[in-house]
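This is input_0.txt (compact mmCIF, C-alpha atoms).
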```txt
# COMPACT_ATOMS: atom_id res chain seq x y z
CA MET M 953 -29.62 -15.16 -7.74
CA ALA M 954 -27.26 -16.84 -10.22
CA GLN M 955 -27.73 -13.92 -12.59
CA GLN M 956 -26.95 -11.45 -9.79
CA MET M 957 -23.70 -13.29 -8.96
CA GLU M 958 -22.77 -13.26 -12.63
CA GLU M 959 -23.19 -9.48 -12.81
CA ASP M 960 -21.04 -8.93 -9.72
CA PRO M 961 -18.69 -11.91 -9.38
CA TRP M 962 -16.33 -10.33 -6.83
CA GLN M 963 -18.75 -8.98 -4.21
CA LYS M 964 -18.31 -12.08 -2.04
CA ALA M 965 -14.52 -11.81 -2.30
CA TYR M 966 -14.70 -8.13 -1.33
CA ASP M 967 -16.92 -8.79 1.69
CA ILE M 968 -14.64 -11.59 2.87
CA ALA M 969 -11.55 -9.38 2.40
CA VAL M 970 -13.06 -6.76 4.73
CA GLN M 971 -13.83 -9.43 7.37
CA VAL M 972 -10.35 -10.98 7.08
CA ALA M 973 -8.67 -7.56 7.35
CA LYS M 974 -10.63 -6.88 10.54
CA THR M 975 -9.67 -10.26 12.03
CA ALA M 976 -6.01 -9.70 11.10
CA GLY M 977 -6.08 -6.22 12.63
CA GLU M 978 -7.49 -7.58 15.87
CA GLU M 979 -4.64 -10.09 15.98
CA ILE M 980 -2.11 -7.26 15.54
CA ARG M 981 -3.75 -5.20 18.29
CA LYS M 982 -3.76 -8.19 20.66
CA ALA M 983 -0.09 -8.82 20.04
CA GLY M 984 0.61 -5.22 21.05
CA GLU M 985 3.94 -4.68 22.66
CA SER M 986 4.54 -8.35 23.46
CA GLU M 987 6.04 -9.05 20.03
CA ILE M 988 9.29 -7.14 20.37
CA ARG M 989 11.48 -10.15 19.54
CA VAL M 990 12.29 -9.81 15.85
CA MET M 991 13.83 -11.89 13.10
CA THR M 992 16.13 -10.60 10.37
CA LYS M 993 14.81 -9.42 7.01
CA SER M 994 16.84 -8.29 4.00
CA SER M 995 17.24 -4.93 5.68
CA THR M 996 18.02 -4.32 9.34
CA VAL M 997 15.64 -1.34 9.33
CA ASP M 998 12.72 -3.34 7.94
CA LEU M 999 11.97 -5.40 11.04
CA VAL M 1000 9.96 -8.59 10.88
CA THR M 1001 7.99 -9.82 13.84
CA LYS M 1002 6.37 -13.13 14.61
CA THR M 1003 3.10 -11.25 14.31
CA ASP M 1004 3.90 -10.36 10.69
CA GLU M 1005 4.22 -14.02 9.68
CA ARG M 1006 1.30 -15.16 11.83
CA VAL M 1007 -1.04 -12.53 10.39
CA GLU M 1008 -0.11 -13.42 6.80
CA LYS M 1009 -0.91 -17.08 7.57
CA ILE M 1010 -4.30 -16.04 8.98
CA ILE M 1011 -5.11 -13.92 5.89
CA ILE M 1012 -3.90 -16.34 3.22
CA GLY M 1013 -5.33 -19.34 5.11
CA SER M 1014 -8.79 -17.73 5.34
CA LEU M 1015 -8.79 -16.67 1.68
CA LYS M 1016 -7.46 -20.00 0.36
CA LYS M 1017 -10.25 -21.79 2.20
CA GLU M 1018 -12.82 -19.69 0.31
CA PHE M 1019 -10.93 -19.37 -3.00
CA PRO M 1020 -8.59 -22.37 -3.38
CA SER M 1021 -7.86 -21.73 -7.08
CA HIS M 1022 -6.72 -18.11 -6.60
CA CYS M 1023 -3.09 -16.92 -6.63
CA PHE M 1024 -1.37 -15.05 -3.79
CA ILE M 1025 1.41 -12.48 -3.57
CA GLY M 1026 2.34 -11.78 0.05
CA GLU M 1027 5.20 -9.82 1.57
CA GLU M 1028 6.32 -12.62 3.90
CA SER M 1029 6.01 -15.41 1.32
CA VAL M 1030 8.00 -13.38 -1.25
CA ALA M 1031 10.67 -12.73 1.42
CA LYS M 1032 10.97 -16.52 1.72
CA GLY M 1033 11.60 -16.91 -2.01
CA GLU M 1034 8.14 -17.33 -3.58
CA ALA M 1035 7.66 -15.67 -6.97
CA CYS M 1036 6.19 -12.19 -7.23
CA VAL M 1037 4.50 -12.36 -10.60
CA LEU M 1038 1.10 -10.89 -11.46
CA THR M 1039 -0.73 -13.03 -14.04
CA ASP M 1040 -4.26 -12.82 -15.48
CA LYS M 1041 -5.52 -15.24 -12.81
CA PRO M 1042 -7.47 -13.91 -9.82
CA THR M 1043 -4.68 -12.78 -7.47
CA TRP M 1044 -4.61 -11.51 -3.89
CA ILE M 1045 -1.82 -9.03 -3.05
CA ILE M 1046 -1.26 -8.85 0.69
CA ASP M 1047 0.82 -6.93 3.22
CA PRO M 1048 -0.12 -8.45 6.60
CA VAL M 1049 1.49 -5.72 8.71
CA ASP M 1050 2.34 -2.56 6.78
CA GLY M 1051 4.34 -0.56 9.29
CA THR M 1052 6.21 -3.35 11.07
CA THR M 1053 8.80 -0.91 12.42
CA ASN M 1054 5.97 1.30 13.72
CA PHE M 1055 4.42 -1.74 15.38
CA VAL M 1056 7.65 -2.73 17.12
CA HIS M 1057 8.14 0.81 18.45
CA GLY M 1058 4.51 1.42 19.39
CA PHE M 1059 4.17 4.18 16.77
CA PRO M 1060 0.41 4.19 16.14
CA PHE M 1061 0.16 3.67 12.35
CA VAL M 1062 -0.03 0.00 11.40
CA ALA M 1063 -2.19 -1.33 8.56
CA VAL M 1064 -3.40 -4.58 7.04
CA SER M 1065 -3.44 -4.22 3.24
CA ILE M 1066 -5.39 -6.63 1.00
CA ALA M 1067 -5.88 -6.07 -2.74
CA PHE M 1068 -7.42 -8.25 -5.43
CA ALA M 1069 -6.59 -8.25 -9.15
CA VAL M 1070 -8.04 -10.08 -12.16
CA ASN M 1071 -6.49 -9.91 -15.65
CA LYS M 1072 -3.75 -7.75 -14.06
CA GLU M 1073 -6.40 -5.12 -13.20
CA LEU M 1074 -7.01 -4.17 -9.58
CA GLU M 1075 -10.64 -4.87 -8.66
CA PHE M 1076 -10.71 -3.77 -5.03
CA GLY M 1077 -8.57 -2.77 -2.09
CA VAL M 1078 -8.98 -2.94 1.69
CA VAL M 1079 -6.68 -1.15 4.15
CA TYR M 1080 -7.42 -1.56 7.85
CA SER M 1081 -5.52 0.94 10.00
CA CYS M 1082 -5.93 -1.29 13.02
CA LEU M 1083 -4.60 0.90 15.84
CA GLU M 1084 -6.90 3.72 14.72
CA ASP M 1085 -9.74 1.27 13.94
CA LYS M 1086 -10.23 2.82 10.49
CA MET M 1087 -11.40 0.53 7.69
CA TYR M 1088 -10.61 1.98 4.26
CA LYS M 1089 -12.08 0.12 1.31
CA ALA M 1090 -12.88 0.60 -2.37
CA ARG M 1091 -14.17 -1.35 -5.34
CA LYS M 1092 -13.42 -0.36 -8.91
CA GLY M 1093 -16.20 1.96 -10.11
CA LYS M 1094 -18.04 1.98 -6.77
CA GLY M 1095 -16.35 4.67 -4.67
CA ALA M 1096 -14.01 4.62 -1.67
CA TYR M 1097 -15.02 4.58 1.98
CA CYS M 1098 -13.59 4.90 5.48
CA ASN M 1099 -15.79 3.23 8.11
CA ASP M 1100 -18.60 3.47 5.53
CA GLU M 1101 -18.22 7.24 4.97
CA LEU M 1102 -17.55 8.23 1.37
CA LEU M 1103 -13.99 9.44 0.72
CA GLN M 1104 -13.04 12.33 -1.56
CA VAL M 1105 -9.57 13.69 -2.30
CA SER M 1106 -8.92 17.36 -1.51
CA ASP M 1107 -9.65 20.01 -4.13
CA VAL M 1108 -6.39 21.94 -3.51
CA LYS M 1109 -4.66 22.92 -6.75
CA ASP M 1110 -2.16 25.40 -5.30
CA ILE M 1111 1.06 23.52 -4.44
CA ASN M 1112 1.87 26.16 -1.78
CA LYS M 1113 -1.25 25.11 0.13
CA SER M 1114 -0.52 21.39 -0.04
CA ILE M 1115 0.80 18.79 2.40
CA ILE M 1116 2.95 16.12 0.77
CA ILE M 1117 3.61 12.75 2.38
CA SER M 1118 6.57 10.46 1.71
CA GLU M 1119 8.97 8.00 3.34
CA HIS M 1120 12.73 7.56 3.35
CA GLY M 1121 12.45 3.81 2.82
CA THR M 1122 14.60 0.97 4.15
CA ASP M 1123 17.72 1.37 1.98
CA ARG M 1124 20.44 3.23 3.87
CA SER M 1125 22.98 3.49 1.04
CA PRO M 1126 24.35 7.07 1.14
CA GLU M 1127 23.66 7.73 -2.58
CA LYS M 1128 19.96 6.86 -2.26
CA VAL M 1129 19.52 8.66 1.06
CA THR M 1130 21.13 11.78 -0.47
CA LYS M 1131 18.67 11.69 -3.40
CA ILE M 1132 15.67 11.10 -1.13
CA PHE M 1133 16.50 14.04 1.13
CA SER M 1134 17.47 16.25 -1.81
CA THR M 1135 13.99 15.60 -3.29
CA MET M 1136 12.35 16.36 0.06
CA LYS M 1137 14.32 19.59 0.41
CA LYS M 1138 13.35 20.73 -3.10
CA ILE M 1139 9.66 19.98 -2.48
CA LEU M 1140 9.71 21.67 0.93
CA CYS M 1141 11.28 24.77 -0.62
CA ILE M 1142 8.72 25.12 -3.45
CA PRO M 1143 7.34 25.87 -0.77
CA VAL M 1144 4.61 23.49 0.36
CA HIS M 1145 2.65 23.69 3.62
CA GLY M 1146 4.49 20.68 5.00
CA LEU M 1147 6.04 17.25 4.53
CA ARG M 1148 4.76 14.27 6.50
CA GLY M 1149 5.26 10.51 6.79
CA SER M 1150 3.24 7.91 8.70
CA GLY M 1151 5.67 5.03 8.24
CA THR M 1152 3.20 3.00 6.17
CA ALA M 1153 2.59 3.42 2.45
CA ALA M 1154 -0.92 1.97 2.68
CA THR M 1155 -1.91 4.57 5.30
CA ASN M 1156 -0.23 7.35 3.31
CA MET M 1157 -2.37 6.51 0.29
CA CYS M 1158 -5.51 6.48 2.42
CA LEU M 1159 -4.57 9.95 3.70
CA VAL M 1160 -4.45 11.13 0.07
CA ALA M 1161 -7.86 9.50 -0.54
CA SER M 1162 -9.39 11.15 2.53
CA GLY M 1163 -8.16 14.63 1.58
CA ALA M 1164 -5.83 15.01 4.59
CA VAL M 1165 -2.79 15.33 2.30
CA GLU M 1166 -2.52 16.21 -1.37
CA ALA M 1167 0.10 13.71 -2.58
CA PHE M 1168 2.25 10.73 -1.65
CA PHE M 1169 5.36 9.68 -3.55
CA GLU M 1170 7.99 7.03 -2.98
CA ILE M 1171 10.65 5.01 -4.81
CA GLY M 1172 11.42 1.58 -3.36
CA ILE M 1173 7.94 0.56 -2.20
CA HIS M 1174 6.57 -2.87 -3.16
CA CYS M 1175 3.36 -3.92 -4.88
CA TRP M 1176 1.90 -5.25 -1.61
CA ASP M 1177 2.45 -1.84 0.04
CA ILE M 1178 0.39 0.08 -2.51
CA ALA M 1179 -1.99 -2.25 -4.40
CA ALA M 1180 -4.98 -1.77 -2.06
CA GLY M 1181 -4.26 1.95 -1.62
CA ALA M 1182 -4.11 2.40 -5.39
CA VAL M 1183 -7.78 1.40 -5.74
CA ILE M 1184 -8.78 3.56 -2.77
CA VAL M 1185 -7.03 6.69 -4.13
CA GLN M 1186 -8.51 6.31 -7.61
CA GLU M 1187 -12.02 5.65 -6.31
CA ALA M 1188 -11.75 8.77 -4.11
CA GLY M 1189 -11.07 10.81 -7.26
CA GLY M 1190 -7.28 10.82 -7.14
CA ILE M 1191 -4.66 9.84 -9.70
CA LEU M 1192 -1.64 7.54 -9.89
CA LEU M 1193 1.47 8.17 -11.97
CA ASP M 1194 5.01 6.92 -12.31
CA VAL M 1195 7.62 9.22 -10.74
CA ASP M 1196 8.71 10.21 -14.28
CA GLY M 1197 5.14 11.29 -15.16
CA GLY M 1198 4.33 8.16 -17.16
CA PRO M 1199 1.58 5.62 -16.42
CA PHE M 1200 1.47 3.95 -13.02
CA ASP M 1201 3.01 0.46 -13.00
CA LEU M 1202 2.18 -1.62 -9.91
CA MET M 1203 5.37 -3.70 -10.19
CA SER M 1204 7.80 -0.83 -10.81
CA ARG M 1205 8.35 0.03 -7.12
CA ARG M 1206 7.84 3.74 -7.76
CA MET M 1207 4.74 5.89 -7.65
CA VAL M 1208 3.12 9.27 -7.18
CA SER M 1209 -0.48 9.33 -5.95
CA ALA M 1210 -2.17 12.70 -5.78
CA ASN M 1211 -5.48 14.52 -5.56
CA ASN M 1212 -5.08 15.90 -9.09
CA ASP M 1213 -2.80 16.20 -12.11
CA ILE M 1214 -1.60 19.72 -11.21
CA ILE M 1215 -0.19 18.74 -7.81
CA ALA M 1216 1.23 15.43 -9.15
CA LYS M 1217 3.11 17.06 -12.03
CA ARG M 1218 4.52 19.82 -9.81
CA ILE M 1219 5.90 17.19 -7.39
CA ILE M 1220 7.31 15.09 -10.25
CA LYS M 1221 9.44 18.08 -11.38
CA GLU M 1222 11.39 17.83 -8.11
CA ILE M 1223 11.83 14.06 -7.75
CA GLU M 1224 15.38 12.76 -8.10
CA ILE M 1225 14.94 9.27 -9.51
CA PHE M 1226 17.17 6.36 -8.49
CA PRO M 1227 16.98 2.72 -9.60
CA ALA M 1228 14.76 0.16 -7.86
CA VAL M 1229 14.65 -3.50 -8.95
CA ARG M 1230 11.14 -4.35 -10.17
CA ASP M 1231 9.02 -6.65 -8.01
CA ASP M 1232 8.51 -9.01 -10.97
CA GLU M 1233 12.20 -9.11 -11.93
CA PRO M 1234 13.26 -12.78 -12.16
CA VAL M 1235 15.41 -13.81 -9.19
CA GLN M 1236 18.96 -14.54 -10.31
CA LYS M 1237 20.02 -18.00 -9.15
CA GLN M 1238 23.49 -18.27 -7.64
```

What's the structure tokens form of this structure?
Amino acid sequence: MAQQMEEDPWQKAYDIAVQVAKTAGEEIRKAGESEIRVMTKSSTVDLVTKTDERVEKIIIGSLKKEFPSHCFIGEESVAKGEACVLTDKPTWIIDPVDGTTNFVHGFPFVAVSIAFAVNKELEFGVVYSCLEDKMYKARKGKGAYCNDELLQVSDVKDINKSIIISEHGTDRSPEKVTKIFSTMKKILCIPVHGLRGSGTAATNMCLVASGAVEAFFEIGIHCWDIAAGAVIVQEAGGILLDVDGGPFDLMSRRMVSANNDIIAKRIIKEIEIFPAVRDDEPVQKQ
């Protein structure tokens, strides 16, 4: 038994992550439309609910009980000033409610996202789309699943037959909005079959993994939005790149995930890049 645990040290953590995601999702569903009272976040568009904070406490509390020596990066804790630095230590990267704005409006795409990294390498990811009751999960080297069915990205290589998914983000500065919509217009006019957006990056990545869309790109997302989805996309046979075509960097706040290199590189040609402050950028003290 000891030898078995040594060969697969993170199976227990993975199993617990799936259970915790399910519990968190049930809490979100229960809260339903009763949690309309919101607090202010750094952006007026990016609404925070009591549910958001409560669910993060449930997730981190459950995981800390099992793994007290592990590190945690969570959306709500970072918003309150905790550091967002990925070290070599075992680290959980958590978005308790990805799609808070969706949740507040009753738009039916809301996800719990839990990822786990060791030595700065992502080991597994769990995304529970709780209003759909879809549990997406993947372990490095062991495939990706939705409700225990194996996931596989689409085999489309013709950009004209592709659906691309993206978001316009939470920044409403005219310069950034202009670049975002200019990119979308250029991609739409390639032409592609269509442009979509679910309102949650974690769900968007799972849609790439399941073959429903060919690619997802965004500038301005955070590590907790995409860490779990990154494992799921790769394990479903997809790829991750920076928006300039370079290697994917979890902390860079910019990413293209796609079913293959051909689709990814065609999309990258059209992306108008704008700056986004890295997640691990030291906070400047006043």

ask   = Which value, in Å to one decimal, gives the distance between CA of Arg1124 in chain M and CA of Ile1045 in chain M?
value = 26.3 Å

key: range 1185-1194 of chain M environment, 7 Å, all atoms listed in the file, sequence neighbours closer than 2 positions dropped, as a PyMOL selection string   = chain M and resi 1090+1092-1093+1095-1096+1103-1105+1157-1158+1160-1161+1181-1183+1196-1201+1206-1212

For the residues selected in the previous step, produce a file with C-alpha atoms as a short mmCIF file (atom, residue, chain, number, x, y, z; two decimals), keeping the file's coordinate frame.
```cif
data_model
loop_
_atom_site.label_atom_id
_atom_site.label_comp_id
_atom_site.auth_asym_id
_atom_site.auth_seq_id
_atom_site.Cartn_x
_atom_site.Cartn_y
_atom_site.Cartn_z
CA ALA M 1090 -12.88 0.60 -2.37
CA LYS M 1092 -13.42 -0.36 -8.91
CA GLY M 1093 -16.20 1.96 -10.11
CA GLY M 1095 -16.35 4.67 -4.67
CA ALA M 1096 -14.01 4.62 -1.67
CA LEU M 1103 -13.99 9.44 0.72
CA GLN M 1104 -13.04 12.33 -1.56
CA VAL M 1105 -9.57 13.69 -2.30
CA MET M 1157 -2.37 6.51 0.29
CA CYS M 1158 -5.51 6.48 2.42
CA VAL M 1160 -4.45 11.13 0.07
CA ALA M 1161 -7.86 9.50 -0.54
CA GLY M 1181 -4.26 1.95 -1.62
CA ALA M 1182 -4.11 2.40 -5.39
CA VAL M 1183 -7.78 1.40 -5.74
CA ASP M 1196 8.71 10.21 -14.28
CA GLY M 1197 5.14 11.29 -15.16
CA GLY M 1198 4.33 8.16 -17.16
CA PRO M 1199 1.58 5.62 -16.42
CA PHE M 1200 1.47 3.95 -13.02
CA ASP M 1201 3.01 0.46 -13.00
CA ARG M 1206 7.84 3.74 -7.76
CA MET M 1207 4.74 5.89 -7.65
CA VAL M 1208 3.12 9.27 -7.18
CA SER M 1209 -0.48 9.33 -5.95
CA ALA M 1210 -2.17 12.70 -5.78
CA ASN M 1211 -5.48 14.52 -5.56
CA ASN M 1212 -5.08 15.90 -9.09
#
```

ask   = Mind listing as a PyMOL selection string all residues within 6 Å of (-8.3, -5.6, -0.4), counting only C-alpha atoms?
value = chain M and resi 969+1066-1068+1076-1078+1180

ask   = How many Å separate CA of His1174 in chain M from CA of Val1195 in chain M?
value = 14.3 Å

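With all atoms listed in the file as the atoms that count, the residue of M:Ala1164, M:Ala983, M:Val970, M:Ala965 with the shortest distance to Lys1017 in chain M is M:Ala965.
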
ask   = Can you tell me, as JSON, numbers by chain, what residues are no more than 12 Å from Lys1009 in chain M when counting only C-alpha atoms, ignoring any on the same chain fewer than 2 positions away?
value = {"M": [972, 975, 976, 979, 1002, 1003, 1004, 1005, 1006, 1007, 1011, 1012, 1013, 1014, 1015, 1016, 1017, 1024, 1026, 1027, 1028, 1029, 1046, 1047, 1048, 1049]}

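Of note, CA of Gly1051 in chain M and CA of Gly1151 in chain M are spaced 5.8 Å apart.
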
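Take the candidates M:Lys974, M:Arg1230, M:Arg981, M:His1022 and check each one against Val1070 in chain M using all atoms listed in the file; the shortest distance goes to M:His1022.
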